[in-house]
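Student: This is upload.txt (compact mmCIF, C-alpha atoms).
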# COMPACT_ATOMS: atom_id res chain seq x y z
CA MET R 1 107.39 -27.21 133.84
CA ARG R 2 110.40 -25.31 132.43
CA LYS R 3 112.11 -28.58 131.43
CA MET R 4 108.95 -29.75 129.66
CA ILE R 5 108.70 -26.51 127.68
CA LEU R 6 112.38 -26.66 126.69
CA LEU R 7 111.99 -30.29 125.60
CA ALA R 8 108.90 -29.49 123.54
CA LEU R 9 110.68 -26.55 121.92
CA ALA R 10 113.58 -28.82 121.01
CA ILE R 11 111.19 -31.32 119.45
CA CYS R 12 109.61 -28.57 117.38
CA ILE R 13 112.98 -27.31 116.20
CA ILE R 14 114.33 -30.69 115.08
CA SER R 15 111.07 -32.40 114.06
CA LYS R 16 111.56 -31.75 110.35
CA SER R 17 114.71 -30.23 108.95
CA ASN R 18 112.99 -28.94 105.81
CA ALA R 19 109.99 -27.41 107.58
CA TYR R 20 109.30 -24.13 109.35
CA ASN R 21 107.86 -24.40 112.85
CA ILE R 22 105.92 -21.83 114.83
CA VAL R 23 105.61 -21.91 118.62
CA SER R 24 102.64 -20.13 120.20
CA ASP R 25 100.85 -20.61 123.55
CA ALA R 26 102.52 -23.90 124.51
CA THR R 27 101.82 -25.29 121.05
CA CYS R 28 104.00 -26.04 118.05
CA TYR R 29 102.76 -25.68 114.47
CA GLU R 30 104.34 -26.77 111.21
CA ILE R 31 103.83 -24.74 108.06
CA VAL R 32 101.94 -26.80 105.50
CA ASP R 33 101.83 -24.35 102.60
CA ASN R 34 103.57 -20.99 102.70
CA SER R 35 101.71 -19.73 99.64
CA LYS R 36 98.36 -20.39 101.33
CA ASN R 37 99.52 -19.50 104.87
CA THR R 38 98.36 -22.79 106.41
CA VAL R 39 99.79 -24.76 109.35
CA ARG R 40 99.19 -28.05 111.15
CA LEU R 41 99.28 -28.47 114.91
CA ILE R 42 102.02 -31.01 115.62
CA GLU R 43 102.73 -30.76 119.36
CA CYS R 44 100.97 -29.29 122.39
CA TRP R 45 102.24 -29.29 125.97
CA TYR R 46 99.46 -27.24 127.55
CA GLU R 47 98.99 -28.15 131.23
CA GLY R 48 95.50 -26.77 131.81
CA GLU R 49 92.11 -28.48 131.64
CA HIS R 50 90.53 -26.55 128.77
CA PHE R 51 92.25 -25.80 125.46
CA THR R 52 90.87 -23.99 122.43
CA ILE R 53 92.71 -24.53 119.16
CA PRO R 54 93.02 -21.14 117.48
CA GLU R 55 91.76 -20.58 113.95
CA GLN R 56 95.06 -18.87 113.15
CA VAL R 57 98.51 -18.11 114.53
CA ILE R 58 100.69 -15.10 113.77
CA TRP R 59 104.25 -15.51 112.54
CA GLN R 60 106.49 -12.83 111.07
CA ASP R 61 103.52 -10.43 110.85
CA ALA R 62 101.49 -12.93 108.81
CA ALA R 63 98.38 -14.91 109.83
CA TYR R 64 98.55 -18.68 109.30
CA GLN R 65 95.36 -20.71 109.33
CA VAL R 66 95.32 -23.91 111.44
CA VAL R 67 94.02 -26.61 109.07
CA SER R 68 95.06 -29.97 110.57
CA ILE R 69 96.14 -31.85 113.70
CA SER R 70 98.92 -34.45 113.68
CA ASN R 71 99.10 -37.90 115.28
CA LEU R 72 99.75 -37.79 119.04
CA ALA R 73 99.69 -33.99 118.95
CA PHE R 74 98.19 -33.83 122.46
CA LYS R 75 100.02 -36.76 124.08
CA ARG R 76 101.66 -34.42 126.64
CA CYS R 77 98.34 -32.85 127.69
CA THR R 78 97.70 -35.22 130.58
CA TYR R 79 95.44 -32.77 132.45
CA LEU R 80 93.29 -31.78 129.49
CA LYS R 81 89.53 -32.31 130.00
CA THR R 82 87.99 -30.28 127.16
CA ILE R 83 89.28 -29.34 123.74
CA GLU R 84 87.61 -27.02 121.23
CA ILE R 85 88.19 -27.44 117.49
CA PRO R 86 87.67 -24.42 115.22
CA THR R 87 85.98 -24.21 111.85
CA THR R 88 89.33 -24.07 110.01
CA VAL R 89 90.50 -27.59 110.96
CA LYS R 90 89.83 -29.96 108.06
CA SER R 91 92.00 -32.95 109.04
CA ILE R 92 92.51 -34.70 112.40
CA ALA R 93 94.88 -37.68 112.65
CA VAL R 94 93.32 -40.81 114.15
CA SER R 95 95.57 -40.83 117.24
CA ALA R 96 95.61 -37.09 117.88
CA PHE R 97 93.92 -37.39 121.31
CA ASN R 98 94.75 -40.98 122.27
CA TYR R 99 96.91 -40.24 125.28
CA CYS R 100 94.79 -37.47 126.80
CA LEU R 101 94.16 -39.44 129.97
CA LYS R 102 91.58 -37.01 131.42
CA LEU R 103 89.83 -35.89 128.25
CA GLU R 104 86.05 -35.79 128.81
CA GLN R 105 84.72 -33.90 125.80
CA ILE R 106 85.61 -32.68 122.34
CA LEU R 107 83.73 -29.64 121.08
CA VAL R 108 83.62 -28.59 117.43
CA SER R 109 82.65 -25.26 115.92
CA GLU R 110 79.15 -25.50 114.43
CA SER R 111 80.47 -24.01 111.19
CA ASN R 112 83.14 -26.71 110.68
CA PRO R 113 82.28 -28.49 107.37
CA ILE R 114 84.21 -31.71 108.11
CA TYR R 115 83.60 -32.52 111.79
CA CYS R 116 80.94 -32.18 114.44
CA ASP R 117 80.37 -33.26 118.02
CA ALA R 118 77.46 -34.75 119.92
CA ASP R 119 77.58 -35.00 123.71
CA GLY R 120 81.33 -34.42 123.59
CA VAL R 121 82.03 -37.23 121.10
CA LEU R 122 83.75 -36.46 117.77
CA TYR R 123 81.97 -37.43 114.51
CA SER R 124 82.27 -36.70 110.82
CA ALA R 125 80.01 -33.81 109.77
CA ASP R 126 77.45 -36.22 108.27
CA ARG R 127 77.45 -38.14 111.58
CA GLN R 128 78.03 -41.43 109.79
CA THR R 129 81.51 -41.99 111.24
CA LEU R 130 82.30 -41.96 114.95
CA LEU R 131 85.90 -40.71 115.16
CA HIS R 132 86.82 -40.33 118.82
CA PHE R 133 85.20 -41.12 122.16
CA PRO R 134 87.03 -39.18 124.92
CA ARG R 135 89.02 -41.51 127.11
CA ALA R 136 87.80 -40.12 130.44
CA LYS R 137 84.17 -39.55 129.47
CA LYS R 138 82.00 -40.46 132.45
CA ALA R 139 80.00 -43.38 131.06
CA THR R 140 79.94 -47.13 131.70
CA SER R 141 77.68 -47.69 128.69
CA PHE R 142 77.23 -45.91 125.39
CA HIS R 143 74.63 -46.18 122.66
CA ILE R 144 76.17 -45.32 119.30
CA PRO R 145 73.63 -43.34 117.21
CA ASP R 146 71.63 -45.47 114.78
CA ASN R 147 72.86 -43.66 111.66
CA VAL R 148 76.56 -44.37 112.31
CA SER R 149 77.92 -46.79 109.69
CA ASN R 150 81.62 -46.62 110.51
CA ILE R 151 83.62 -46.63 113.74
CA GLY R 152 86.98 -45.03 113.06
CA ALA R 153 90.42 -46.41 113.87
CA TYR R 154 91.22 -46.20 117.61
CA ALA R 155 87.91 -44.41 118.21
CA PHE R 156 87.46 -45.95 121.70
CA PHE R 157 91.16 -46.56 122.40
CA LYS R 158 91.71 -47.39 126.09
CA CYS R 159 88.27 -46.18 127.19
CA ASP R 160 88.64 -48.23 130.33
CA GLY R 161 85.40 -47.11 131.96
CA LEU R 162 83.16 -48.61 129.28
CA GLU R 163 81.46 -51.91 130.08
CA LYS R 164 78.84 -51.94 127.34
CA VAL R 165 78.56 -50.39 123.87
CA ASP R 166 75.44 -50.71 121.74
CA LEU R 167 76.44 -50.96 118.09
CA PRO R 168 74.01 -49.37 115.60
CA PRO R 169 72.05 -51.37 112.99
CA ALA R 170 73.62 -49.34 110.16
CA LEU R 171 77.17 -50.29 111.14
CA THR R 172 79.26 -51.79 108.32
CA GLN R 173 82.87 -51.25 109.46
CA VAL R 174 84.83 -51.26 112.71
CA GLY R 175 88.25 -49.66 112.29
CA ILE R 176 91.71 -50.84 113.31
CA GLY R 177 92.18 -50.79 117.08
CA ALA R 178 88.74 -49.25 117.55
CA PHE R 179 88.14 -50.70 121.05
CA ASN R 180 91.71 -51.70 121.85
CA GLY R 181 92.38 -51.48 125.57
CA CYS R 182 88.76 -51.29 126.74
CA HIS R 183 89.55 -53.51 129.70
CA HIS R 184 86.05 -53.58 131.21
CA LEU R 185 84.06 -54.17 128.02
CA LYS R 186 82.06 -57.35 128.67
CA SER R 187 79.89 -58.04 125.64
CA VAL R 188 79.23 -56.92 122.08
CA VAL R 189 76.48 -57.66 119.57
CA PHE R 190 77.50 -57.13 115.94
CA PRO R 191 74.62 -56.01 113.69
CA HIS R 192 73.40 -57.72 110.56
CA HIS R 193 75.02 -55.39 108.01
CA LEU R 194 78.54 -55.49 109.45
CA GLU R 195 81.13 -56.24 106.75
CA SER R 196 84.57 -55.99 108.38
CA ILE R 197 86.36 -55.60 111.70
CA GLY R 198 89.87 -54.14 111.71
CA ASP R 199 93.00 -55.70 113.17
CA PHE R 200 93.35 -55.31 116.94
CA ALA R 201 89.86 -53.77 117.10
CA PHE R 202 89.08 -55.62 120.36
CA TYR R 203 92.60 -56.55 121.38
CA ASP R 204 93.50 -56.10 125.06
CA CYS R 205 89.83 -56.46 126.07
CA PRO R 206 90.29 -59.36 128.53
CA ASN R 207 86.75 -59.20 129.90
CA LEU R 208 85.07 -59.37 126.50
CA LEU R 209 83.69 -62.89 126.83
CA ASP R 210 80.30 -62.62 125.14
CA ILE R 211 80.20 -61.94 121.36
CA THR R 212 77.13 -62.24 119.17
CA LEU R 213 77.15 -62.04 115.38
CA SER R 214 73.84 -61.39 113.62
CA SER R 215 75.03 -61.78 110.03
CA MET R 216 74.61 -65.01 108.08
CA HIS R 217 77.74 -64.39 106.01
CA PHE R 218 81.34 -64.55 107.15
CA ILE R 219 82.60 -61.21 108.48
CA SER R 220 86.19 -60.49 107.56
CA PHE R 221 88.60 -60.16 110.50
CA GLN R 222 91.83 -61.70 111.74
CA ALA R 223 92.66 -63.70 114.84
CA ASN R 224 94.50 -60.65 116.24
CA THR R 225 91.22 -58.72 116.25
CA PHE R 226 90.49 -60.24 119.67
CA CYS R 227 92.79 -61.01 122.59
CA TYR R 228 93.74 -64.45 123.91
CA GLN R 229 91.20 -64.37 126.77
CA THR R 230 88.34 -63.65 124.35
CA LEU R 231 89.36 -66.43 121.97
CA LYS R 232 89.97 -69.10 124.61
CA GLU R 233 87.50 -68.19 127.37
CA GLY R 234 84.78 -66.27 125.57
CA ARG R 235 81.70 -67.43 123.70
CA LEU R 236 80.92 -66.60 120.05
CA THR R 237 77.21 -66.94 119.27
CA LEU R 238 76.07 -67.18 115.63
CA PRO R 239 72.61 -67.37 114.00
CA SER R 240 70.99 -70.80 114.36
CA ASP R 241 70.69 -71.38 110.62
CA ILE R 242 74.21 -70.30 109.67
CA SER R 243 75.94 -72.58 107.18
CA PRO R 244 78.43 -75.22 108.43
CA ASN R 245 81.08 -73.69 106.18
CA VAL R 246 80.80 -70.24 107.82
CA LEU R 247 80.68 -71.84 111.26
CA ASN R 248 83.95 -73.65 110.50
CA GLN R 249 85.58 -70.42 109.27
CA TYR R 250 85.02 -68.81 112.67
CA LYS R 251 86.39 -71.85 114.48
CA GLN R 252 89.55 -71.64 112.36
CA LEU R 253 90.15 -68.11 113.65
CA GLY R 254 90.83 -69.53 117.10
CA PHE R 255 87.53 -69.28 118.97
CA ALA R 256 87.36 -72.20 121.40
CA ASN R 257 83.66 -71.81 122.10
CA VAL R 258 81.47 -71.27 119.02
CA ALA R 259 77.75 -71.94 119.01
CA ALA R 260 74.92 -71.48 116.51
CA GLU R 261 71.61 -70.87 118.24
Written as structure tokens, that's how I'd like the structure from this file.

Tutor:
Amino acid sequence: MRKMILLALAICIISKSNAYNIVSDATCYEIVDNSKNTVRLIECWYEGEHFTIPEQVIWQDAAYQVVSISNLAFKRCTYLKTIEIPTTVKSIAVSAFNYCLKLEQILVSESNPIYCDADGVLYSADRQTLLHFPRAKKATSFHIPDNVSNIGAYAFFKCDGLEKVDLPPALTQVGIGAFNGCHHLKSVVFPHHLESIGDFAFYDCPNLLDITLSSMHFISFQANTFCYQTLKEGRLTLPSDISPNVLNQYKQLGFANVAAE
């Protein structure tokens, strides 16, 4: 424990030579704007199961408001199960919670204007973007709310317990790496209005062998969106009256088994 704290302190000290860093309650903050007394949370090494991000931290007799959370800020919090986000936080990096192996729920202050939670899942305040599904959430299936139009980058990163995810009819975009590492995901049905799927969105999903596309037009994605097993062993099902040109475009992406039915 003492070695971990000393290491984290060293990281905070050397992280940015031109920045001031504040250490408080096993957490390191970087001053964003001295004139506005704002800080971002850049590193946490808390070893408990429940952590509440404070609205402010005190440094040199001044109160600094916590306004953002950096990438991989909680990567050392391997025992963390619940995290609470205050009303002051206006920006959360896409990979802030990615390596919280036991994280089950994210809770957001009801007065936060940018973010909200539903059943422990992090969304944008308008609930149109799903931002983060906790990695250790106890669920083998999940129905994404119908009004969600965007799944954020790495939103379901390494959610190994998930076998089935129901994508909403309003969905238009799936972000980079959104389902990367969901090893037990078996099937996915893409809705009619989907427009794009990010790189590596379903990479390292070796059991994803059943993909259905509802749209008649070609959906933009790269061959690296899916892993080798999906491309070579899986089945891509398209609408029966899809054009031969679109059908050929999907075959060129590397799918060995493409059918229109």

Student: Can you tell me which residues surround segment 32-40 of chain R at a distance of at most 7 Å, considering all atoms listed in the file, apart from same-chain residues fewer than 4 positions away, and format the answer as an mmCIF file with C-alpha atoms, in the frame of the given file?

Tutor:
data_model
loop_
_atom_site.group_PDB
_atom_site.id
_atom_site.type_symbol
_atom_site.label_atom_id
_atom_site.label_comp_id
_atom_site.auth_asym_id
_atom_site.auth_seq_id
_atom_site.Cartn_x
_atom_site.Cartn_y
_atom_site.Cartn_z
ATOM 1 C CA ALA R 63 98.380 -14.910 109.830
ATOM 2 C CA TYR R 64 98.550 -18.680 109.300
ATOM 3 C CA GLN R 65 95.360 -20.710 109.330
ATOM 4 C CA VAL R 66 95.320 -23.910 111.440
ATOM 5 C CA VAL R 67 94.020 -26.610 109.070
ATOM 6 C CA SER R 68 95.060 -29.970 110.570
ATOM 7 C CA ILE R 69 96.140 -31.850 113.700
ATOM 8 C CA SER R 70 98.920 -34.450 113.680
#

Student: Within 6 Å of segment 164-179 of chain R, counting all atoms listed in the file, which residues show up once you throw out same-chain ones fewer than 2 positions away? Write them as a PyMOL selection string, please.

Tutor: chain R and resi 141-144+146-147+149-157+162+182+185+191+193-202

Student: Given all atoms listed in the file as the basis, pick out the residue of R:Ala26, R:Val108, R:Ala136, R:Val94 nearest to Glu55 of chain R.

Tutor: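 So, comparing all the options, the nearest one is R:Val108.
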
Student: Given all atoms listed in the file as the basis, pick out the residue of R:Cys77, R:Pro113, R:Val258, R:Cys44 nearest to Val89 of chain R.

Tutor: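 Closest candidate: R:Pro113.
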
Student: Compile the contact shell of Phe255 of chain R as a list of chain:residue names: residues with an atom at most 12 Å away, counting all atoms listed in the file, same-chain residues fewer than 6 positions apart removed.

Tutor: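 The filter keeps R:Leu209, R:Asp210, R:Ile211, R:Gln222, R:Ala223, R:Asn224, R:Thr225, R:Phe226, R:Cys227, R:Tyr228, R:Gln229, R:Thr230, R:Leu231, R:Lys232, R:Glu233, R:Gly234, R:Arg235, R:Leu236, R:Thr237, R:Leu247, R:Asn248, R:Gln249.
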
Student: Take the selection from the previous step and output its residues with C-alpha atoms, as a compact mmCIF listing (two decimals), in the frame of the given file.

Tutor:
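The resulting file, part_22.txt, is shown below:
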# COMPACT_ATOMS: atom_id res chain seq x y z
CA LEU R 209 83.69 -62.89 126.83
CA ASP R 210 80.30 -62.62 125.14
CA ILE R 211 80.20 -61.94 121.36
CA GLN R 222 91.83 -61.70 111.74
CA ALA R 223 92.66 -63.70 114.84
CA ASN R 224 94.50 -60.65 116.24
CA THR R 225 91.22 -58.72 116.25
CA PHE R 226 90.49 -60.24 119.67
CA CYS R 227 92.79 -61.01 122.59
CA TYR R 228 93.74 -64.45 123.91
CA GLN R 229 91.20 -64.37 126.77
CA THR R 230 88.34 -63.65 124.35
CA LEU R 231 89.36 -66.43 121.97
CA LYS R 232 89.97 -69.10 124.61
CA GLU R 233 87.50 -68.19 127.37
CA GLY R 234 84.78 -66.27 125.57
CA ARG R 235 81.70 -67.43 123.70
CA LEU R 236 80.92 -66.60 120.05
CA THR R 237 77.21 -66.94 119.27
CA LEU R 247 80.68 -71.84 111.26
CA ASN R 248 83.95 -73.65 110.50
CA GLN R 249 85.58 -70.42 109.27

Student: Using all atoms listed in the file, determine which residues lie at most 9 Å from Lys158 of chain R, disregarding the query and same-chain residues fewer than 4 positions distant; provide the list as a list of chain:residue names.

Tutor: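 Residues meeting the cut-off are R:Asn98, R:Tyr99, R:Arg135, R:Tyr154, R:Phe179, R:Asn180, R:Gly181, R:Cys182, R:His183, R:Asp204.
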
Student: My list of candidates is R:Leu41, R:Tyr115, R:Leu253, R:Val189. Which is closest to Val23 of chain R when distances are computed with all atoms listed in the file?

Tutor: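 Using all atoms listed in the file, the shortest distance to Val23 of chain R belongs to R:Leu41.
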
Student: Which of these, R:Ile219, R:Glu104, R:Ala118, R:Ala125, has the shortest distance to Lys138 of chain R once you count only C-alpha atoms?

Tutor: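 Checking each candidate against Lys138 of chain R, we get R:Glu104 as the closest.
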
Student: In Å, how far is it from atom CA of Thr129 of chain R to atom CA of Ala93 of chain R?

Tutor: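 Pair atom CA of Thr129 of chain R / atom CA of Ala93 of chain R returns 14.1 Å.
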
Student: I need the residue nearest Leu72 of chain R from this list: R:Glu163, R:Asp25, R:Glu43, R:Asp241. Use all atoms listed in the file for the distance.

Tutor: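 Using all atoms listed in the file, Leu72 of chain R sits closest to R:Glu43.
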
Student: Atom CA of Thr52 of chain R to atom CA of Lys75 of chain R: how many Å, to one decimal?

Tutor: 15.8 Å

Student: I need the residue nearest Asn71 of chain R from this list: R:Glu47, R:Ser95, R:Gln128, R:Ile58. Use only C-alpha atoms for the distance.

Tutor: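 Using only C-alpha atoms, Asn71 of chain R sits closest to R:Ser95.
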
Student: What's the separation between atom CA of Lys102 of chain R and atom CA of Leu80 of chain R, in Å to one decimal place?

Tutor: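 Separation between atom CA of Lys102 of chain R and atom CA of Leu80 of chain R: 5.8 Å.
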
Student: As a PDB file, in the frame of the given file, please: segment 168-198 of chain R completed to N, CA and C atoms.

Tutor:
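Final file, rebuild_11.pdb:
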ATOM      1  N   PRO R 168      75.210 -49.738 116.361  1.00  0.00           N
ATOM      2  CA  PRO R 168      74.010 -49.370 115.600  1.00  0.00           C
ATOM      3  C   PRO R 168      73.704 -50.347 114.473  1.00  0.00           C
ATOM      4  N   PRO R 169      72.437 -50.438 114.063  1.00  0.00           N
ATOM      5  CA  PRO R 169      72.050 -51.370 112.990  1.00  0.00           C
ATOM      6  C   PRO R 169      72.674 -51.026 111.636  1.00  0.00           C
ATOM      7  N   ALA R 170      73.045 -49.751 111.439  1.00  0.00           N
ATOM      8  CA  ALA R 170      73.620 -49.340 110.160  1.00  0.00           C
ATOM      9  C   ALA R 170      75.110 -49.619 110.053  1.00  0.00           C
ATOM     10  N   LEU R 171      75.722 -50.116 111.117  1.00  0.00           N
ATOM     11  CA  LEU R 171      77.170 -50.290 111.140  1.00  0.00           C
ATOM     12  C   LEU R 171      77.656 -51.299 110.105  1.00  0.00           C
ATOM     13  N   THR R 172      78.661 -50.885 109.313  1.00  0.00           N
ATOM     14  CA  THR R 172      79.260 -51.790 108.320  1.00  0.00           C
ATOM     15  C   THR R 172      80.740 -52.039 108.588  1.00  0.00           C
ATOM     16  N   GLN R 173      81.430 -51.096 109.257  1.00  0.00           N
ATOM     17  CA  GLN R 173      82.870 -51.250 109.460  1.00  0.00           C
ATOM     18  C   GLN R 173      83.288 -50.815 110.865  1.00  0.00           C
ATOM     19  N   VAL R 174      84.182 -51.605 111.442  1.00  0.00           N
ATOM     20  CA  VAL R 174      84.830 -51.260 112.710  1.00  0.00           C
ATOM     21  C   VAL R 174      86.311 -51.121 112.413  1.00  0.00           C
ATOM     22  N   GLY R 175      86.884 -49.956 112.680  1.00  0.00           N
ATOM     23  CA  GLY R 175      88.250 -49.660 112.290  1.00  0.00           C
ATOM     24  C   GLY R 175      89.322 -50.359 113.105  1.00  0.00           C
ATOM     25  N   ILE R 176      90.547 -50.270 112.626  1.00  0.00           N
ATOM     26  CA  ILE R 176      91.710 -50.840 113.310  1.00  0.00           C
ATOM     27  C   ILE R 176      91.805 -50.290 114.737  1.00  0.00           C
ATOM     28  N   GLY R 177      91.975 -51.196 115.691  1.00  0.00           N
ATOM     29  CA  GLY R 177      92.180 -50.790 117.080  1.00  0.00           C
ATOM     30  C   GLY R 177      91.042 -50.015 117.707  1.00  0.00           C
ATOM     31  N   ALA R 178      89.850 -50.106 117.131  1.00  0.00           N
ATOM     32  CA  ALA R 178      88.740 -49.250 117.550  1.00  0.00           C
ATOM     33  C   ALA R 178      88.437 -49.319 119.051  1.00  0.00           C
ATOM     34  N   PHE R 179      88.453 -50.527 119.623  1.00  0.00           N
ATOM     35  CA  PHE R 179      88.140 -50.700 121.050  1.00  0.00           C
ATOM     36  C   PHE R 179      89.349 -51.272 121.813  1.00  0.00           C
ATOM     37  N   ASN R 180      90.501 -51.171 121.233  1.00  0.00           N
ATOM     38  CA  ASN R 180      91.710 -51.700 121.850  1.00  0.00           C
ATOM     39  C   ASN R 180      91.922 -51.102 123.239  1.00  0.00           C
ATOM     40  N   GLY R 181      92.098 -51.961 124.225  1.00  0.00           N
ATOM     41  CA  GLY R 181      92.380 -51.480 125.570  1.00  0.00           C
ATOM     42  C   GLY R 181      91.163 -51.130 126.400  1.00  0.00           C
ATOM     43  N   CYS R 182      89.968 -51.497 125.938  1.00  0.00           N
ATOM     44  CA  CYS R 182      88.760 -51.290 126.740  1.00  0.00           C
ATOM     45  C   CYS R 182      88.632 -52.460 127.714  1.00  0.00           C
ATOM     46  N   HIS R 183      89.356 -52.379 128.804  1.00  0.00           N
ATOM     47  CA  HIS R 183      89.550 -53.510 129.700  1.00  0.00           C
ATOM     48  C   HIS R 183      88.269 -54.016 130.355  1.00  0.00           C
ATOM     49  N   HIS R 184      87.259 -53.169 130.498  1.00  0.00           N
ATOM     50  CA  HIS R 184      86.050 -53.580 131.210  1.00  0.00           C
ATOM     51  C   HIS R 184      84.876 -53.879 130.282  1.00  0.00           C
ATOM     52  N   LEU R 185      85.111 -53.819 128.975  1.00  0.00           N
ATOM     53  CA  LEU R 185      84.060 -54.170 128.020  1.00  0.00           C
ATOM     54  C   LEU R 185      83.734 -55.652 128.161  1.00  0.00           C
ATOM     55  N   LYS R 186      82.447 -55.973 128.346  1.00  0.00           N
ATOM     56  CA  LYS R 186      82.060 -57.350 128.670  1.00  0.00           C
ATOM     57  C   LYS R 186      81.389 -58.082 127.518  1.00  0.00           C
ATOM     58  N   SER R 187      80.630 -57.371 126.706  1.00  0.00           N
ATOM     59  CA  SER R 187      79.890 -58.040 125.640  1.00  0.00           C
ATOM     60  C   SER R 187      79.721 -57.107 124.451  1.00  0.00           C
ATOM     61  N   VAL R 188      79.484 -57.707 123.283  1.00  0.00           N
ATOM     62  CA  VAL R 188      79.230 -56.920 122.080  1.00  0.00           C
ATOM     63  C   VAL R 188      78.343 -57.732 121.147  1.00  0.00           C
ATOM     64  N   VAL R 189      77.372 -57.042 120.551  1.00  0.00           N
ATOM     65  CA  VAL R 189      76.480 -57.660 119.570  1.00  0.00           C
ATOM     66  C   VAL R 189      76.716 -56.959 118.232  1.00  0.00           C
ATOM     67  N   PHE R 190      77.225 -57.708 117.258  1.00  0.00           N
ATOM     68  CA  PHE R 190      77.500 -57.130 115.940  1.00  0.00           C
ATOM     69  C   PHE R 190      76.231 -57.178 115.084  1.00  0.00           C
ATOM     70  N   PRO R 191      75.854 -56.053 114.466  1.00  0.00           N
ATOM     71  CA  PRO R 191      74.620 -56.010 113.690  1.00  0.00           C
ATOM     72  C   PRO R 191      74.699 -56.750 112.353  1.00  0.00           C
ATOM     73  N   HIS R 192      73.557 -56.898 111.760  1.00  0.00           N
ATOM     74  CA  HIS R 192      73.400 -57.720 110.560  1.00  0.00           C
ATOM     75  C   HIS R 192      74.232 -57.242 109.378  1.00  0.00           C
ATOM     76  N   HIS R 193      74.380 -55.925 109.209  1.00  0.00           N
ATOM     77  CA  HIS R 193      75.020 -55.390 108.010  1.00  0.00           C
ATOM     78  C   HIS R 193      76.546 -55.221 108.140  1.00  0.00           C
ATOM     79  N   LEU R 194      77.099 -55.627 109.261  1.00  0.00           N
ATOM     80  CA  LEU R 194      78.540 -55.490 109.450  1.00  0.00           C
ATOM     81  C   LEU R 194      79.320 -56.275 108.388  1.00  0.00           C
ATOM     82  N   GLU R 195      80.343 -55.624 107.815  1.00  0.00           N
ATOM     83  CA  GLU R 195      81.130 -56.240 106.750  1.00  0.00           C
ATOM     84  C   GLU R 195      82.557 -56.568 107.171  1.00  0.00           C
ATOM     85  N   SER R 196      83.173 -55.731 107.998  1.00  0.00           N
ATOM     86  CA  SER R 196      84.570 -55.990 108.380  1.00  0.00           C
ATOM     87  C   SER R 196      84.893 -55.397 109.740  1.00  0.00           C
ATOM     88  N   ILE R 197      85.850 -56.044 110.403  1.00  0.00           N
ATOM     89  CA  ILE R 197      86.360 -55.600 111.700  1.00  0.00           C
ATOM     90  C   ILE R 197      87.873 -55.506 111.572  1.00  0.00           C
ATOM     91  N   GLY R 198      88.443 -54.366 111.893  1.00  0.00           N
ATOM     92  CA  GLY R 198      89.870 -54.140 111.710  1.00  0.00           C
ATOM     93  C   GLY R 198      90.751 -54.908 112.672  1.00  0.00           C
TER      94      GLY R 198
END
